[in-house]
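Coordinates as given in my_file.cif (mmCIF, C-alpha atoms and all ligand atoms):
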```
data_structure
loop_
_atom_site.label_atom_id
_atom_site.label_comp_id
_atom_site.auth_asym_id
_atom_site.auth_seq_id
_atom_site.Cartn_x
_atom_site.Cartn_y
_atom_site.Cartn_z
CA MET S 1 0.00 0.00 0.00
CA LYS S 2 1.36 3.41 -0.97
CA HIS S 3 1.70 6.05 1.74
CA CYS S 4 0.57 9.67 1.45
CA PRO S 5 3.35 11.79 -0.15
CA ILE S 6 2.49 14.70 2.15
CA CYS S 7 1.92 13.30 5.65
CA ARG S 8 3.05 9.66 5.14
CA GLY S 9 -0.38 8.50 6.34
CA GLU S 10 -1.95 5.23 5.23
CA THR S 11 -4.23 5.26 2.18
CA ASP S 12 -7.39 3.55 0.93
CA PRO S 13 -8.54 3.11 -2.68
CA ALA S 14 -11.07 5.85 -3.57
CA GLY S 15 -12.10 4.75 -7.10
CA ASP S 16 -10.92 6.16 -10.46
CA GLY S 17 -7.35 4.99 -9.74
CA LEU S 18 -7.16 7.38 -6.77
CA LEU S 19 -5.83 6.68 -3.29
CA LYS S 20 -7.11 8.68 -0.33
CA CYS S 21 -4.98 9.47 2.74
CA ARG S 22 -6.52 8.57 6.12
CA GLY S 23 -4.41 11.27 7.78
CA CYS S 24 -4.81 14.49 5.76
CA GLY S 25 -7.49 13.55 3.21
CA LEU S 26 -5.26 14.00 0.12
CA ALA S 27 -6.58 12.02 -2.88
CA PHE S 28 -3.86 11.18 -5.39
CA LYS S 29 -3.33 9.02 -8.45
CA GLY S 30 -1.65 5.70 -7.71
CA GLU S 31 -0.02 5.87 -11.16
CA LYS S 32 1.41 9.33 -11.74
CA TYR S 33 2.35 11.22 -14.83
CA PHE S 34 4.38 14.39 -15.00
CA GLY S 35 3.52 17.02 -17.54
CA SER S 36 1.37 19.89 -18.68
CA PRO S 37 -2.40 19.76 -18.79
CA VAL S 38 -3.99 19.07 -22.18
CA TYR S 39 -7.08 21.12 -22.94
CA GLN S 40 -9.21 21.31 -26.08
CA PRO S 41 -7.14 23.18 -28.69
CA GLY S 42 -7.89 26.89 -28.87
CA ILE S 43 -9.28 27.43 -25.38
CA GLU S 44 -5.98 28.09 -23.59
CA GLY S 45 -6.47 31.84 -24.10
CA ASP S 46 -9.75 31.66 -22.16
CA ILE S 47 -8.26 29.52 -19.40
CA TYR S 48 -5.10 31.47 -18.81
CA THR S 49 -6.23 35.02 -19.51
CA GLY S 50 -9.84 36.08 -19.79
CA ALA S 51 -11.34 34.06 -16.99
CA LYS S 52 -8.56 34.73 -14.53
CA LYS S 53 -7.96 38.49 -14.76
CA GLU S 54 -10.22 39.21 -11.77
CA LEU S 55 -8.60 36.40 -9.79
CA PHE S 56 -5.12 37.81 -10.50
CA ASP S 57 -6.21 41.26 -9.32
CA ALA S 58 -7.73 39.76 -6.17
CA ALA S 59 -4.49 37.85 -5.49
CA LEU S 60 -2.33 40.97 -5.91
CA ASP S 61 -4.69 43.06 -3.74
CA ARG S 62 -4.40 40.47 -0.97
CA LEU S 63 -0.61 40.17 -1.28
CA GLN S 64 -0.17 43.93 -1.27
CA GLY S 65 -2.27 44.06 1.90
CA LEU S 66 -0.25 41.32 3.61
CA LEU S 67 3.12 42.69 2.49
CA ARG S 68 2.25 46.42 2.64
CA GLY S 69 3.08 46.95 -1.02
CA PRO S 70 4.43 45.26 -4.13
CA GLY S 71 7.87 43.61 -4.25
CA ARG S 72 9.65 40.72 -5.94
CA LEU S 73 7.23 38.01 -7.11
CA LEU S 74 7.71 34.43 -8.29
CA ASP S 75 4.77 32.99 -10.27
CA VAL S 76 5.02 29.20 -10.22
CA GLY S 77 3.32 27.77 -13.32
CA CYS S 78 3.29 31.20 -14.95
CA ALA S 79 1.97 29.94 -18.34
CA GLY S 80 2.26 32.80 -20.88
CA GLY S 81 2.97 35.38 -18.18
CA ASP S 82 -0.51 36.86 -17.74
CA LEU S 83 -0.35 37.14 -13.95
CA LEU S 84 3.17 38.57 -14.27
CA LYS S 85 1.89 41.23 -16.70
CA THR S 86 -0.93 42.21 -14.34
CA ALA S 87 1.59 42.33 -11.47
CA ALA S 88 4.10 44.42 -13.45
CA GLY S 89 1.35 46.97 -14.08
CA ARG S 90 1.05 47.35 -10.30
CA GLY S 91 4.76 47.79 -9.63
CA TRP S 92 5.81 44.19 -8.90
CA GLN S 93 9.09 42.75 -10.25
CA GLY S 94 8.01 39.34 -11.48
CA GLU S 95 9.73 36.13 -12.53
CA GLY S 96 8.12 32.86 -13.56
CA VAL S 97 8.54 29.11 -13.44
CA GLU S 98 7.00 27.20 -16.37
CA ILE S 99 7.85 23.73 -17.67
CA ASP S 100 5.78 23.96 -20.87
CA PRO S 101 8.27 25.35 -23.44
CA ALA S 102 5.64 27.03 -25.66
CA LEU S 103 3.99 28.84 -22.75
CA ALA S 104 7.34 29.73 -21.18
CA GLY S 105 8.41 31.20 -24.54
CA LYS S 106 5.41 33.56 -24.49
CA ALA S 107 6.29 34.80 -21.00
CA VAL S 108 9.92 35.33 -22.08
CA GLU S 109 8.72 37.26 -25.15
CA ALA S 110 6.71 39.46 -22.80
CA GLY S 111 10.00 40.34 -21.09
CA PHE S 112 10.00 38.09 -18.00
CA LYS S 113 12.73 35.85 -16.64
CA VAL S 114 11.37 32.29 -16.69
CA TYR S 115 12.86 29.16 -15.11
CA MET S 116 11.97 26.16 -17.28
CA SER S 117 12.26 23.36 -14.73
CA PRO S 118 10.30 22.20 -11.69
CA VAL S 119 10.51 24.91 -9.01
CA GLU S 120 12.50 22.75 -6.55
CA ALA S 121 15.16 22.12 -9.25
CA ALA S 122 15.24 25.62 -10.75
CA GLY S 123 18.27 26.87 -8.79
CA LEU S 124 16.34 29.88 -7.45
CA GLU S 125 18.10 32.45 -5.30
CA ALA S 126 17.39 31.71 -1.62
CA ALA S 127 15.43 34.16 0.57
CA ALA S 128 14.95 36.45 -2.44
CA TYR S 129 11.22 36.79 -3.11
CA ASP S 130 8.53 38.70 -1.21
CA ALA S 131 5.73 36.59 -2.63
CA ALA S 132 5.04 33.43 -4.62
CA THR S 133 1.81 32.73 -6.49
CA VAL S 134 0.77 29.17 -7.40
CA PHE S 135 -2.43 29.00 -9.47
CA GLU S 136 -3.75 25.43 -9.88
CA VAL S 137 -0.30 23.91 -10.25
CA PHE S 138 0.31 21.73 -7.19
CA CYS S 139 -2.41 19.39 -8.49
CA LEU S 140 -0.36 18.69 -11.65
CA MET S 141 3.10 18.38 -10.14
CA GLY S 142 5.27 15.30 -9.69
CA SER S 143 6.02 16.18 -6.06
CA PRO S 144 4.07 19.05 -4.45
CA ALA S 145 5.92 18.52 -1.14
CA GLU S 146 9.32 19.12 -2.78
CA ALA S 147 7.93 22.08 -4.72
CA VAL S 148 6.53 23.76 -1.61
CA ALA S 149 9.88 23.24 0.15
CA GLY S 150 11.62 24.89 -2.82
CA ILE S 151 9.22 27.85 -2.69
CA TYR S 152 9.75 28.18 1.08
CA LYS S 153 13.51 28.39 0.52
CA ALA S 154 13.14 31.03 -2.19
CA LEU S 155 10.90 33.33 -0.10
CA LYS S 156 12.30 36.00 2.21
CA PRO S 157 11.52 35.54 5.91
CA GLY S 158 7.99 36.95 6.28
CA GLY S 159 7.32 36.33 2.57
CA VAL S 160 3.87 35.08 1.54
CA ILE S 161 2.73 32.18 -0.63
CA TYR S 162 -0.66 32.61 -2.36
CA ILE S 163 -2.25 29.45 -3.76
CA ARG S 164 -5.38 28.82 -5.79
CA GLU S 165 -6.15 25.12 -5.86
CA PHE S 166 -9.11 22.91 -6.79
CA ASN S 167 -11.08 21.74 -3.74
CA ALA S 168 -11.12 17.92 -3.70
CA ALA S 169 -14.13 17.88 -1.38
CA PHE S 170 -16.11 19.49 -4.21
CA HIS S 171 -14.62 17.75 -7.26
CA LEU S 172 -14.57 14.21 -5.85
CA THR S 173 -18.26 14.59 -4.95
CA LEU S 174 -19.01 15.86 -8.47
CA ARG S 175 -17.06 12.94 -9.93
CA ARG S 176 -19.21 10.45 -7.98
CA LEU S 177 -22.35 12.16 -9.34
CA GLU S 178 -20.82 12.14 -12.85
CA LEU S 179 -20.10 8.38 -12.64
CA ALA S 180 -23.70 7.86 -11.50
CA GLY S 181 -24.80 9.55 -14.77
CA VAL S 182 -26.36 12.65 -13.18
CA PHE S 183 -24.86 15.10 -15.72
CA LYS S 184 -25.28 12.90 -18.81
CA PRO S 185 -28.47 14.57 -20.11
CA LEU S 186 -26.64 17.93 -20.09
CA GLY S 187 -23.48 16.65 -21.80
CA ALA S 188 -21.59 18.24 -18.89
CA SER S 189 -18.43 16.90 -17.23
CA PRO S 190 -17.79 19.35 -14.39
CA ALA S 191 -15.43 17.31 -12.17
CA VAL S 192 -11.72 18.18 -12.35
CA ILE S 193 -9.49 15.28 -11.21
CA HIS S 194 -5.69 15.57 -11.25
CA ASN S 195 -2.56 13.82 -9.94
CA PHE S 196 -3.20 15.43 -6.56
CA ASN S 197 -6.60 16.45 -5.23
CA PHE S 198 -6.28 18.58 -2.11
CA SER S 199 -8.72 19.06 0.71
CA PRO S 200 -8.27 22.10 3.01
CA ARG S 201 -6.70 19.73 5.56
CA SER S 202 -4.12 18.36 3.09
CA LEU S 203 -3.17 21.90 2.01
CA ARG S 204 -2.59 22.84 5.66
CA ALA S 205 -0.43 19.70 6.06
CA LEU S 206 1.53 20.48 2.86
CA LEU S 207 2.35 24.03 4.02
CA GLY S 208 2.88 23.22 7.69
CA ARG S 209 5.41 20.49 6.90
CA ALA S 210 7.47 22.91 4.79
CA GLY S 211 7.60 25.38 7.71
CA PHE S 212 4.91 27.86 6.66
CA ARG S 213 2.79 29.50 9.38
CA GLU S 214 -0.40 31.61 9.53
CA THR S 215 -2.10 29.41 6.92
CA GLN S 216 -5.48 30.88 5.93
CA ILE S 217 -7.95 29.16 3.62
CA ARG S 218 -11.04 30.62 1.92
CA ASN S 219 -13.42 29.56 -0.82
CA SER S 220 -12.29 31.10 -4.11
CA ARG S 221 -14.54 33.10 -6.36
CA PRO S 222 -15.15 31.12 -9.57
CA THR S 223 -13.58 31.93 -12.94
CA SER S 224 -16.04 33.84 -15.12
CA GLY S 225 -18.04 31.97 -17.79
CA ASP S 226 -17.03 28.42 -18.73
CA PRO S 227 -13.35 28.61 -19.77
CA TYR S 228 -12.76 24.86 -19.45
CA ARG S 229 -15.85 24.08 -21.57
CA THR S 230 -17.10 21.61 -18.99
CA GLY S 231 -20.70 22.86 -18.96
CA GLY S 232 -21.68 21.12 -22.22
CA ARG S 233 -25.09 22.27 -23.44
CA LEU S 234 -25.43 24.69 -20.57
CA GLY S 235 -23.19 27.15 -22.44
CA GLY S 236 -20.87 29.81 -21.07
CA LEU S 237 -23.32 32.35 -19.69
CA PHE S 238 -25.51 29.89 -17.81
CA THR S 239 -22.55 27.88 -16.50
CA GLY S 240 -21.02 31.14 -15.30
CA LEU S 241 -24.25 32.05 -13.49
CA LEU S 242 -24.52 28.59 -11.88
CA LYS S 243 -20.92 28.82 -10.71
CA PHE S 244 -21.52 32.21 -9.15
CA LEU S 245 -24.72 31.09 -7.38
CA TYR S 246 -22.89 28.01 -6.13
CA TYR S 247 -20.06 30.20 -4.80
CA ARG S 248 -22.58 32.29 -2.83
CA LEU S 249 -24.03 29.09 -1.38
CA ALA S 250 -20.54 27.81 -0.45
CA GLN S 251 -19.82 31.12 1.28
CA ALA S 252 -23.09 30.91 3.21
CA LEU S 253 -22.11 27.42 4.40
CA TRP S 254 -18.65 28.63 5.38
CA TYR S 255 -20.06 31.45 7.53
CA ALA S 256 -22.76 29.18 9.02
CA SER S 257 -20.10 26.60 10.02
CA PHE S 258 -17.84 29.30 11.56
CA GLY S 259 -15.19 28.74 8.87
CA ARG S 260 -15.07 24.95 9.16
CA VAL S 261 -16.84 23.77 5.98
CA TYR S 262 -15.30 24.56 2.58
CA ALA S 263 -17.73 23.66 -0.20
CA GLY S 264 -16.28 25.96 -2.89
CA SER S 265 -15.02 24.48 -6.16
CA SER S 266 -11.60 26.08 -5.58
CA LEU S 267 -9.74 27.34 -2.54
CA ILE S 268 -7.52 30.36 -1.91
CA VAL S 269 -4.72 29.69 0.56
CA THR S 270 -2.19 32.12 1.98
CA ALA S 271 0.67 31.37 4.37
CA ARG S 272 3.76 33.15 5.61
CA LYS S 273 7.40 32.04 5.88
ZN ZN H 1 -1.81 12.60 4.09
#
```

Represent the structure contained in this file as structure tokens.
Amino acid sequence: MKHCPICRGETDPAGDGLLKCRGCGLAFKGEKYFGSPVYQPGIEGDIYTGAKKELFDAALDRLQGLLRGPGRLLDVGCAGGDLLKTAAGRGWQGEGVEIDPALAGKAVEAGFKVYMSPVEAAGLEAAAYDAATVFEVFCLMGSPAEAVAGIYKALKPGGVIYIREFNAAFHLTLRRLELAGVFKPLGASPAVIHNFNFSPRSLRALLGRAGFRETQIRNSRPTSGDPYRTGGRLGGLFTGLLKFLYYRLAQALWYASFGRVYAGSSLIVTARK
């Protein structure tokens, strides 16, 4: 039986080739791959840019509040450099990490320094960055625990990591409904399952083990519209509306449970070195 790569806890099979940790709740693929996500051709622009602009602004607002201003930023999984561009417009000095050569090339063309290897092997300057952003990347990595240790090393003391990650509690539930055929009539496939599927508890374990403190987790606002084209016949506008209504419901649950229940489709996590 494989042990959890984050807390070394024992695991149980959870269907779909996933193993679930008894300790921290991480659900991960028993057979891993390492690489970039493959989306339908032509929608990358929507995924990386349009739908995320508001999320990038929210991230930078929060970081500027926590750090009392802009500084040196490392965007891990920077894709074509869209977050870095938004950050540069606000006075940040940004650098990226991106293992997909085509995407990394775009960020370089836009004028950013990009490390084209996994973050823990990138040879980053130690204690050099004020902030690191990690948007939906830990789920795809070969070793999130090594990556988070590499980011910890690269941050200045007091530096902040800002993570957006899919919420496994939400997506594994959706996947069970999907397998039961609930979404078939709509042609929708809303569940997002990756190498690593994090619950709030497993994200806390991941960060705590690397030495981070002051970990805070919130439900994330959804991306606008349907950038991943998972809504099928529901279309972009209606899927966008459903996602927003669901987010409001998740927030209501979070407040009603005094911050204990996270039902959102994605989570925002911040922690300090
Ligand atoms: Zn675990």

Checklist line | Gap from CA of Gly25 in chain S to CA of Arg272 in chain S - Å, one decimal | finding: 22.7 Å

Notebook entry, point to check: CA of Cys4 in chain S to CA of Arg260 in chain S: how many Å, to one decimal?
Noted result: 23.2 Å

Note to self: Using all atoms listed in the file, which residues of the polymer chains come no farther than 10 Å from ligand ZN 1 (chain H)? I'd like the answer as JSON, numbers by chain.
What the structure shows: {"S": [3, 4, 5, 6, 7, 8, 9, 10, 11, 20, 21, 22, 23, 24, 25, 26, 27, 28, 198, 201, 202, 203, 205, 206]}

Mind writing the picked residues with C-alpha atoms as a PDB file, keeping the file's coordinate frame?
```pdb
ATOM      1  CA  HIS S   3       1.700   6.050   1.740  1.00  0.00           C
ATOM      2  CA  CYS S   4       0.570   9.670   1.450  1.00  0.00           C
ATOM      3  CA  PRO S   5       3.350  11.790  -0.150  1.00  0.00           C
ATOM      4  CA  ILE S   6       2.490  14.700   2.150  1.00  0.00           C
ATOM      5  CA  CYS S   7       1.920  13.300   5.650  1.00  0.00           C
ATOM      6  CA  ARG S   8       3.050   9.660   5.140  1.00  0.00           C
ATOM      7  CA  GLY S   9      -0.380   8.500   6.340  1.00  0.00           C
ATOM      8  CA  GLU S  10      -1.950   5.230   5.230  1.00  0.00           C
ATOM      9  CA  THR S  11      -4.230   5.260   2.180  1.00  0.00           C
ATOM     10  CA  LYS S  20      -7.110   8.680  -0.330  1.00  0.00           C
ATOM     11  CA  CYS S  21      -4.980   9.470   2.740  1.00  0.00           C
ATOM     12  CA  ARG S  22      -6.520   8.570   6.120  1.00  0.00           C
ATOM     13  CA  GLY S  23      -4.410  11.270   7.780  1.00  0.00           C
ATOM     14  CA  CYS S  24      -4.810  14.490   5.760  1.00  0.00           C
ATOM     15  CA  GLY S  25      -7.490  13.550   3.210  1.00  0.00           C
ATOM     16  CA  LEU S  26      -5.260  14.000   0.120  1.00  0.00           C
ATOM     17  CA  ALA S  27      -6.580  12.020  -2.880  1.00  0.00           C
ATOM     18  CA  PHE S  28      -3.860  11.180  -5.390  1.00  0.00           C
ATOM     19  CA  PHE S 198      -6.280  18.580  -2.110  1.00  0.00           C
ATOM     20  CA  ARG S 201      -6.700  19.730   5.560  1.00  0.00           C
ATOM     21  CA  SER S 202      -4.120  18.360   3.090  1.00  0.00           C
ATOM     22  CA  LEU S 203      -3.170  21.900   2.010  1.00  0.00           C
ATOM     23  CA  ALA S 205      -0.430  19.700   6.060  1.00  0.00           C
ATOM     24  CA  LEU S 206       1.530  20.480   2.860  1.00  0.00           C
TER      25      LEU S 206
END
```

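Using all atoms listed in the file, the smallest distance between any of S:Val134, S:Ala126, S:Ala145, S:Val114 and Arg209 in chain S comes from S:Ala145.
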
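Here the question is which of S:Gly17, S:Gly159, S:Gly123, S:Gly181 gets nearest to Glu31 in chain S using all atoms listed in the file, and that residue is S:Gly17.
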
Check: So which residues fall inside 7 Å of (-5.7, 28.0, -6.3) if we count all atoms listed in the file? Mind giving them as JSON, numbers by chain?
Finding: {"S": [134, 135, 136, 163, 164, 165, 166, 266, 267, 268]}

Could you save those same residues with C-alpha atoms as a short mmCIF file (atom, residue, chain, number, x, y, z; two decimals), in the coordinates of the input?
```
data_model
loop_
_atom_site.label_atom_id
_atom_site.label_comp_id
_atom_site.auth_asym_id
_atom_site.auth_seq_id
_atom_site.Cartn_x
_atom_site.Cartn_y
_atom_site.Cartn_z
CA VAL S 134 0.77 29.17 -7.40
CA PHE S 135 -2.43 29.00 -9.47
CA GLU S 136 -3.75 25.43 -9.88
CA ILE S 163 -2.25 29.45 -3.76
CA ARG S 164 -5.38 28.82 -5.79
CA GLU S 165 -6.15 25.12 -5.86
CA PHE S 166 -9.11 22.91 -6.79
CA SER S 266 -11.60 26.08 -5.58
CA LEU S 267 -9.74 27.34 -2.54
CA ILE S 268 -7.52 30.36 -1.91
#
```

Next item on the list: Could you give me, as an MDAnalysis selection string, the residues that have an atom at most 12 Å away from the point (6.3, 42.3, -9.3) in the coordinates of the file, using all atoms listed in the file?
Entry: chainID S and resid 60 63:64 69:75 81 83:96 112:113 129:133

Notebook entry, point to check: Which residue, S:Leu179, S:Ile99, S:Ala127, S:Val160, has the smallest gap to Leu140 in chain S when you use only C-alpha atoms?
Noted result: S:Ile99
